[in-house]
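One structure below.
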There are 4 protein chains.
Amino acid sequence: MSITPLQKRIPVAVLGATGMVGQRFIDLLRDHPWFEIVALAASEQHGGRPYHEAARWRLPNSEMPAAVAQLPVFACRPDALPNVKIVFSALPAEAAGEVELAFARAGVAVFSNAKNYRMAADVPLLIPEVNADHSAALIQQRKQRGWSGCLITNANCSVTPLVMALKPLQQQFGVRKVMVTTMQAISGAGYPGLPSYDILDNVIPYIGGEEEKMEIEARKMLGTWEEGHGFVDAPIVVSAHCNRVATREGHLETVSVELERAVRPEEIIAAWERYVPEPQQLKLPTAPERALLYRREIDRPQTLRDRDAGNGMTATIGRLRPCPILSYKFVVLGHNTIRGAAGGSILNAELCVSKGLIG
Amino acid sequence: MSITPLQKRIPVAVLGATGMVGQRFIDLLRDHPWFEIVALAASEQHGGRPYHEAARWRLPNSEMPAAVAQLPVFACRPDALPNVKIVFSALPAEAAGEVELAFARAGVAVFSNAKNYRMAADVPLLIPEVNADHSAALIQQRKQRGWSGCLITNANCSVTPLVMALKPLQQQFGVRKVMVTTMQAISGAGYPGLPSYDILDNVIPYIGGEEEKMEIEARKMLGTWEEGHGFVDAPIVVSAHCNRVATREGHLETVSVELERAVRPEEIIAAWERYVPEPQQLKLPTAPERALLYRREIDRPQTLRDRDAGNGMTATIGRLRPCPILSYKFVVLGHNTIRGAAGGSILNAELCVSKGLIG
Amino acid sequence: MSITPLQKRIPVAVLGATGMVGQRFIDLLRDHPWFEIVALAASEQHGGRPYHEAARWRLPNSEMPAAVAQLPVFACRPDALPNVKIVFSALPAEAAGEVELAFARAGVAVFSNAKNYRMAADVPLLIPEVNADHSAALIQQRKQRGWSGCLITNANCSVTPLVMALKPLQQQFGVRKVMVTTMQAISGAGYPGLPSYDILDNVIPYIGGEEEKMEIEARKMLGTWEEGHGFVDAPIVVSAHCNRVATREGHLETVSVELERAVRPEEIIAAWERYVPEPQQLKLPTAPERALLYRREIDRPQTLRDRDAGNGMTATIGRLRPCPILSYKFVVLGHNTIRGAAGGSILNAELCVSKGLIG
Amino acid sequence: MSITPLQKRIPVAVLGATGMVGQRFIDLLRDHPWFEIVALAASEQHGGRPYHEAARWRLPNSEMPAAVAQLPVFACRPDALPNVKIVFSALPAEAAGEVELAFARAGVAVFSNAKNYRMAADVPLLIPEVNADHSAALIQQRKQRGWSGCLITNANCSVTPLVMALKPLQQQFGVRKVMVTTMQAISGAGYPGLPSYDILDNVIPYIGGEEEKMEIEARKMLGTWEEGHGFVDAPIVVSAHCNRVATREGHLETVSVELERAVRPEEIIAAWERYVPEPQQLKLPTAPERALLYRREIDRPQTLRDRDAGNGMTATIGRLRPCPILSYKFVVLGHNTIRGAAGGSILNAELCVSKGLIG
């Protein structure tokens with residue numbers, strides 16, 4: 001890396017800075033060695049009021065960073081945030097559409113959490129541990145769209161730990177079918193999000209659009225980017241059942257998977273334990289030491305105990321056992337607002353910077 | 001029915017009367033038209049102390065029935081409970097083994113919640129809405145074992161709503177494969193059961209022995225009783241993922257099912273909505289008006305909202321939609337300590353009485 | 001009572017019918033012997049759409065009453081609800097102000113849950129078990145305001161069980177000072193109300209305006225109505241600490257009270273246990289058998305176990321013991337959306353009808 | 001300080017190492033600059049099995065320290081733990097009595113969480129920020145008892161943040177009366193502790209012995225140690241109401257206090273904000289930067305958001321306002337298993353070491 005942390009950090013902004021994911025961005029970017037928040041924006045017009053007036057800090061066990069508290073909150077327009085090279089967008093889908101395009105057009109690298117462009121033919125849907133090579137699509141994206149900036153999306157928070165666990169299995173054994181049931185945390189619904197009266201002592205077996213996202217996003221991410229051609233979906237069938245449960249953070253998922261060939265359990269566990277993808281090889285700042293952690297206790301991973309593994313960036317797996325219908329069953333857990341949202345986007349940005357795709 | 005409610009109710013006892021399921025038995029049997037609790041027993045020796053001293057009532061929104069409060073609590077031995085025709089056993093597996101056999105030998109009809117004899121070759125594993133005909137095994141059971149009493153078990157609390165939902169599908173369309181993920185309430189672990197420190201803000205993706213029970217009990221219950229031969233398992237493959245979540249009562253389950261033939265969604269819903277099995281035909285006292293309730297709202301059934309349907313005896317189904325891997329997906333919910341435990345046993349007893357198999 | 005249930009029930013409407021308290025009104029009025037819901041209204045314009053389209057039913061373990069589901073939902077204007085004699089208002093304070101006055105002017109008896117007019121000099125703040133005689137203020141109210149209708153308010157949901165417990169103590173021993181700390185359920189914040197992310201695994205020691213309401217409303221309700229003069233506050237000092245906790249329903253309160261004279265604990269318990277105020281004497285339909293229930297168990301009342309006592313209309317008390325600072329300490333619990341809101345209003349209406357103050 | 005971290009850390013043991021507070025000790029002592037865990041013991045006989053076999057690690061977001069995992073777990077006898085200078089005792093009261101005395105007799109400095117000797121005439125009940133001078137009682141303790149070791153206790157977890165908040169008020173304004181209501185976390189009940197079925201969607205207004213402990217321990221700690229005479233209680237009357245709520249960690253308390261003289265709110269806040277007691281002056285390793293943190297937001301402290309302030313060692317205060325009965329009301333929060341248990345004991349040990357009272 002040619003970027004030296006202290007001398008010239010890249011100036012970045014957060015769009016949607018007042019919401020739950022926006023606050024995660026701000027929290028995760030404090031003391032970031034490569035990126036420095038120089039501007040904030042929110043979907044509503046705060047007219048340049050300082051952040052500490054515009055937002056109430058909602059993350060438990062954390063205070064609003066002092067450096068950010070005084071930053072003015074502007075509207076989400078490129079001209080309002082002039083000196084920014086990267087924007088991290090935590091905008092909701094309703095607001096993200098035009099705004100993100102405007103920034104990309106204006107020469108800014110946009111890392112988006114919104115669903116709007118995830119399935120677009122020239123937009124990478126990126127998890128650096130899974131499909132770092134998809135970032136190559138940015139070259140075509142810029143050419144086709146005539147942008148000086150670019151647009152990179154990260155995946156739905158539920159599908160993220162799933163594809164992280166599937167990737168080494170796909171590489172080594174082939175994956176044909178995936179049946180997944182999620183038990184998703186309330187923070188996945190944003191803020192104010194889920195009314196407490198709806199979820200205390202309850203499970204809600206429905207999250208609008210979530211099952212469809214899991215089924216299609218997994219195929220794109222586990223597929224290939226073919227130069228001059230485009231994204232080719234992986235020939236994997238995914239069937240998802242999505243549920244909301246009363247946990248604060250962490251999406252836990254039970255998975256049955258059909259592999260292309262017979263394989264012993266130890267081979268699968270070894271595939272997970274020996275998986276050292278690009279972010280770990282590059283030692284990107286936000287990359288956890290281990291992308292995947294397999295726990296051998298009979299009752300792990302558990303949402304509460306394991307969601308913060310690798311500072312919330314590790315996907316924790318457990319309970320591998322044969323499935324009487326498909327090949328194997330297991331459990332996987334990922335932190336939804338860190339790995340599945342803000343942390344994932346930051347890692348995407350780090351990957352693109354380290355590959356020379358930005359700036 | 002020849003039994004007239006007030007003139008001669010059948011004298012019954014509850015074994016394991018102090019625990020969670022024991023209390024449910026006592027609660028559900030208050031004012032029962034056919035059965036009258038005349039004796040109580042518990043695994044520990046309470047030396048005949050009155051029930052209100054031996055037990056703390058734990059059911060919310062309910063008081064210990066006055067009639068029962070004064071009953072002495074004896075040891076679980078037939079000679080201690082002399083005039084009883086039926087015992088409802090809420091004993092844990094460790095205690096149930098010998099005790100239940102002793103009562104059956106002594107001429108008592110034993111309705112057990114324990115797992116010990118569920119898979120025995122001559123013991124019905126009974127859900128009246130699913131396999132009422134399995135009760136015929138009692139004749140062979142008595143002959144073979146030389147008992148004047150008998151032993152009937154009810155199923156694991158997780159598998160119960162599942163097989164209730166599957167039965168009409170099996171009858172009309174054939175069922176080949178069933179993938180199920182459960183989100184089970186804390187009351188399923190008994191009392192004191194699950195420490196609060198383990199489950200608040202958590203999901204535990206493991207319940208010892210539960211997945212195996214679901215996989216084998218479903219096949220027995222959906223199988224047949226063949227006179228002179230025995231139970232024949234249904235040729236159905238079940239794969240279960242069992243999880244504990246922070247709900248008080250109600251096991252919610254996401255299900256994918258492979259049917260033997262192509263069928264339209266409306267046919268499946270109709271199969272559920274038109275299902276009127278024996279308990280509903282006989283109008284047994286504890287049978288809910290509808291064994292199965294299909295809800296058309298996009299986000300139902302929900303644990304909190306639907307667990308008490310039919311006084312906790314109805315299995316509520318929702319969200320039928322195609323499954324990309326098997327044929328269809330849906331959600332089913334059952335009350336674990338009522339339908340899946342005490343209420344199920346009482347309904348079993350009502351069925352056996354109404355069929356003349358007892359007394 | 002001259003009103004015979006079936007021949008001529010009084011036609012009533014619910015204002016704010018789509019919200020949490022509005023739904024409680026509808027739920028509690030199903031099969032009411034005196035009142036019949038003939039019209040619904042909500043603060044937003046639903047343009048006469050049927051209730052089942054305008055509202056999602058949110059009460060667990062209950063379905064929208066079929067009779068109400070088809071009623072059109074109109075705007076909250078007297079001319080939109082022409083044949084109504086009583087309206088139960090579940091409107092929020094922002095909406096209640098003008099609307100409730102308009103109905104009272106138009107000849108309708110308005111029973112309001114809003115705070116707007118609770119402290120008005122000619123408006124009864126009524127709990128029939130506490131200050132039934134305050135209803136006499138309606139005569140002056142009508143005269144002064146020239147209304148053919150009238151306006152009766154019920155108290156804040158936190159102060160309600162407190163003053164119910166204090167009333168017999170005041171009558172028999174005199175009450176000087178009351179220190180109270182509340183642990184209030186999430187439903188008290190309405191719907192959507194409290195975000196789940198704010199309250200799961202949390203206590204929030206602040207509820208806007210609640211402490212002030214408790215301190216002033218208690219004095220009015222425990223005070224007197226003096227004909228020709230007005231309401232005279234009781235000379236009682238109340239100090240309140242209000243907290244939100246993660247319970248669904250039921251406000252639990254710890255209380256220290258200073259009495260005017262020395263008294264033994266048994267006298268206090270007797271005062272509670274022998275308290276049979278007007279609604280119980282009149283056997284009003286919604287009056288619980290016991291206004292106050294004192295539980296002798298060492299750890300009761302508990303929110304979950306006791307909130308539904310008397311169908312949610314009984315205030316449950318426990319743990320009476322000496323206070324080293326004031327005279328005695330105890331715990332009291334009331335159901336906030338039943339006794340503290342909709343049920344309280346209905347009982348108010350029943351009292352006024354039975355006293356001939358309406359119609 | 002003459003102790004240099006790396007050259008000669010003091011060898012310590014944890015008694016009751018397998019339980020909840022024992023695990024907190026182990027967690028907090030990892031990398032401690034002065035203390036090194038060299039031995040573990042538990043009330044049950046584990047026969048020298050390694051800790052990772054004897055205990056299941058229960059702290060979320062933390063792993064069992066590798067160094068400790070291999071330590072054998074012995075019985076709680078001095079001869080089983082020969083080279084230890086300090087023991088931190090997390091033993092329950094039933095087990096602590098004889099064991100702690102035996103260690104003190106054997107020359108070990110015992111820092112106990114148990115209630116057994118808290119009120120003993122020559123045993124300090126120590127919170128270094130409150131009554132560091134009480135440690136002087138150790139000299140008399142050793143002389144009277146003929147011990148080469150010593151015994152120091154820390155306070156009940158509920159009273160700890162209360163007296164921390166009261167101490168500067170007592171010093172500057174005098175404190176006469178304190179009314180406190182607690183909302184205590186489930187971890188305060190140990191492990192397995194509170195059954196989840198008892199607390200989910202519930203508040204339990206009773207914790208055995210807790211109110212008495214708060215009332216007497218506060219007076220001892222806010223009292224004085226008079227050389228040659230003994231402990232003299234502060235002339236303060238405390239009245240406590242203790243409740244259990246569904247939070248994981250953190251005891252939140254509402255407080256009304258009567259001061260000896262009139263004082264303005266700003267003076268009180270200043271007293272808290274300027275409070276820099278001995279541990280902060282000495283910069284003891286476990287002392288938080290601020291013993292007391294006053295938050296000015298209208299709705300703080302909150303259990304979830306503030307319990308980890310100062311790594312769980314800071315008491316957070318908020319909502320100071322006049323009390324109509326006593327002088328002022330406020331809210332205080334402390335982490336019950338860190339500040340109120342293991343962390344408090346460790347800080348006590350640091351204080352005693354720094355004062356030369358040990359070793």
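Every chain in the structure tokens takes a letter, A first, then B, and so on in the order presented; its residues are numbered from 1, and the ligands are numbered from 1 following the presented order.
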If we count only C-alpha atoms and set the cut-off at 12 Å, which residues sit around Gly22 (chain A), ignoring sequence neighbours fewer than 4 positions away in its own chain? Please answer as a tab-separated table (two decimals) with C-alpha atoms, in the first residue's frame.
chain	number	residue	atom	x	y	z
A	13	ALA	CA	-18.48	11.47	3.62
A	14	VAL	CA	-21.39	9.52	5.05
A	15	LEU	CA	-24.80	9.85	3.42
A	16	GLY	CA	-27.73	9.09	5.66
A	17	ALA	CA	-25.50	9.90	8.60
A	18	THR	CA	-28.25	10.25	11.18
A	26	ILE	CA	-19.28	6.94	11.83
A	27	ASP	CA	-18.47	4.60	14.69
A	28	LEU	CA	-16.37	2.25	12.54
A	29	LEU	CA	-14.53	5.06	10.79
A	37	ILE	CA	-14.79	11.70	7.59
A	40	LEU	CA	-21.89	14.37	6.59
A	41	ALA	CA	-25.19	14.40	4.79
A	42	ALA	CA	-28.68	13.19	5.50
A	43	SER	CA	-31.77	12.64	3.46
A	51	TYR	CA	-24.20	16.60	13.68
A	55	ALA	CA	-28.71	13.31	15.32
A	56	ARG	CA	-29.22	11.42	18.53
A	57	TRP	CA	-26.53	8.84	19.01
A	58	ARG	CA	-28.16	5.43	19.34
A	59	LEU	CA	-25.33	2.93	19.51
A	64	MET	CA	-20.57	10.15	19.25
A	87	VAL	CA	-19.12	8.46	0.04
A	88	PHE	CA	-20.53	5.71	2.20
A	89	SER	CA	-24.25	5.65	1.62
A	90	ALA	CA	-26.59	4.48	4.35
A	91	LEU	CA	-29.55	5.98	2.56
A	92	PRO	CA	-32.80	4.05	2.45
A	112	SER	CA	-23.92	1.84	-1.09
A	113	ASN	CA	-25.98	-0.20	1.34
A	190	GLY	CA	-33.37	0.38	11.08
A	191	TYR	CA	-34.50	3.06	13.49
A	337	THR	CA	-25.15	-3.71	11.01
A	338	ILE	CA	-21.38	-4.25	10.96
A	341	ALA	CA	-23.88	-3.13	6.42
A	342	ALA	CA	-21.41	-0.41	7.43
A	343	GLY	CA	-18.38	-2.63	8.05
A	345	SER	CA	-19.02	-1.20	2.84
A	346	ILE	CA	-15.85	0.05	4.46
Dump as a tab-separated table the rows for residues of chain D within 7 Å of chain A: closest atom pair and distance in Å with one decimal, only C-alpha atoms counted, ordered by chain and rising residue number.
residue	atom	partner	partner_atom	distance
D:Pro60	CA	A:Arg305	CA	4.4
D:Asn61	CA	A:Arg305	CA	5.3
D:Leu304	CA	A:Pro60	CA	6.3
D:Arg305	CA	A:Pro60	CA	4.4
D:Asp306	CA	A:Asn61	CA	6.5
D:Asp308	CA	A:Asn61	CA	6.0
How would the residues just picked look written out with C-alpha atoms as a tab-separated table (two decimals), in the first residue's frame?
chain	number	residue	atom	x	y	z
D	60	PRO	CA	-20.81	-12.79	25.92
D	61	ASN	CA	-18.32	-11.23	23.55
D	304	LEU	CA	-28.12	-0.55	28.10
D	305	ARG	CA	-26.37	2.60	27.02
D	306	ASP	CA	-24.48	3.51	30.14
D	308	ASP	CA	-20.25	-0.01	30.37
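Relative to CA of Arg176 (chain D), CA of Leu259 (chain D) is found at 5.7 Å.
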Checklist entry - Among region 24-265 of chain B, which residues carry a DSSP assignment of alpha helix (DSSP H), reported as an MDAnalysis selection string? => result chainID B and resid 24:29 51:54 66:69 93:105 128:131 137:145 159:173 196:199 210:221 265
Pick out the residues sitting within 8 Å of region 275-288 of chain C, and hand them over as a JSON list (two decimals) with N, CA and C atoms, in the first residue's frame; count only C-alpha atoms, and ignore anything fewer than 6 positions along from it in its own chain.
[["chain", "number", "residue", "atom", "x", "y", "z"],
["C", 32, "HIS", "N", -70.96, -5.86, 25.03],
["C", 32, "HIS", "CA", -71.26, -5.06, 26.22],
["C", 32, "HIS", "C", -72.79, -4.99, 26.40],
["C", 33, "PRO", "N", -73.26, -5.18, 27.63],
["C", 33, "PRO", "CA", -74.71, -5.25, 27.81],
["C", 33, "PRO", "C", -75.43, -3.91, 27.63],
["C", 128, "PRO", "N", -64.19, 5.55, 39.04],
["C", 128, "PRO", "CA", -65.41, 5.31, 39.83],
["C", 128, "PRO", "C", -65.14, 4.74, 41.21],
["C", 129, "GLU", "N", -64.09, 3.97, 41.37],
["C", 129, "GLU", "CA", -63.79, 3.42, 42.69],
["C", 129, "GLU", "C", -63.17, 4.47, 43.62],
["C", 130, "VAL", "N", -62.79, 5.62, 43.08],
["C", 130, "VAL", "CA", -62.06, 6.60, 43.87],
["C", 130, "VAL", "C", -62.89, 7.85, 44.15],
["C", 132, "ALA", "N", -66.24, 8.75, 42.63],
["C", 132, "ALA", "CA", -67.51, 8.70, 41.89],
["C", 132, "ALA", "C", -68.30, 9.99, 42.08],
["C", 168, "PRO", "N", -58.64, 4.10, 50.04],
["C", 168, "PRO", "CA", -59.10, 3.63, 51.36],
["C", 168, "PRO", "C", -58.15, 4.03, 52.48],
["C", 310, "GLY", "N", -59.02, -9.53, 37.56],
["C", 310, "GLY", "CA", -60.29, -8.84, 37.34],
["C", 310, "GLY", "C", -60.44, -8.38, 35.91],
["C", 311, "ASN", "N", -60.01, -9.23, 34.96],
["C", 311, "ASN", "CA", -60.03, -8.86, 33.54],
["C", 311, "ASN", "C", -59.29, -7.56, 33.27],
["C", 313, "MET", "N", -59.04, -5.06, 35.32],
["C", 313, "MET", "CA", -59.66, -3.90, 35.98],
["C", 313, "MET", "C", -59.32, -3.82, 37.46],
["C", 314, "THR", "N", -58.77, -4.86, 38.04],
["C", 314, "THR", "CA", -58.40, -4.84, 39.45],
["C", 314, "THR", "C", -57.00, -4.26, 39.63],
["C", 343, "GLY", "N", -60.72, 0.47, 29.56],
["C", 343, "GLY", "CA", -61.63, -0.09, 30.56],
["C", 343, "GLY", "C", -62.07, 0.94, 31.57],
["C", 346, "ILE", "N", -64.77, 3.11, 30.00],
["C", 346, "ILE", "CA", -66.06, 2.41, 29.90],
["C", 346, "ILE", "C", -66.73, 2.37, 31.27],
["C", 347, "LEU", "N", -65.94, 2.11, 32.30],
["C", 347, "LEU", "CA", -66.51, 2.09, 33.65],
["C", 347, "LEU", "C", -67.04, 3.48, 34.02],
["C", 350, "GLU", "N", -70.32, 3.77, 32.42],
["C", 350, "GLU", "CA", -71.33, 2.97, 33.12],
["C", 350, "GLU", "C", -71.79, 3.69, 34.40],
["C", 351, "LEU", "N", -70.82, 4.27, 35.10],
["C", 351, "LEU", "CA", -71.19, 5.00, 36.32],
["C", 351, "LEU", "C", -72.13, 6.16, 36.00]]
Checklist entry - Any idea what the distance is between CA of Leu151 (chain B) and CA of Asp122 (chain B)? => result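 Value for the CA of Leu151 (chain B)-CA of Asp122 (chain B) distance: 9.1 Å.
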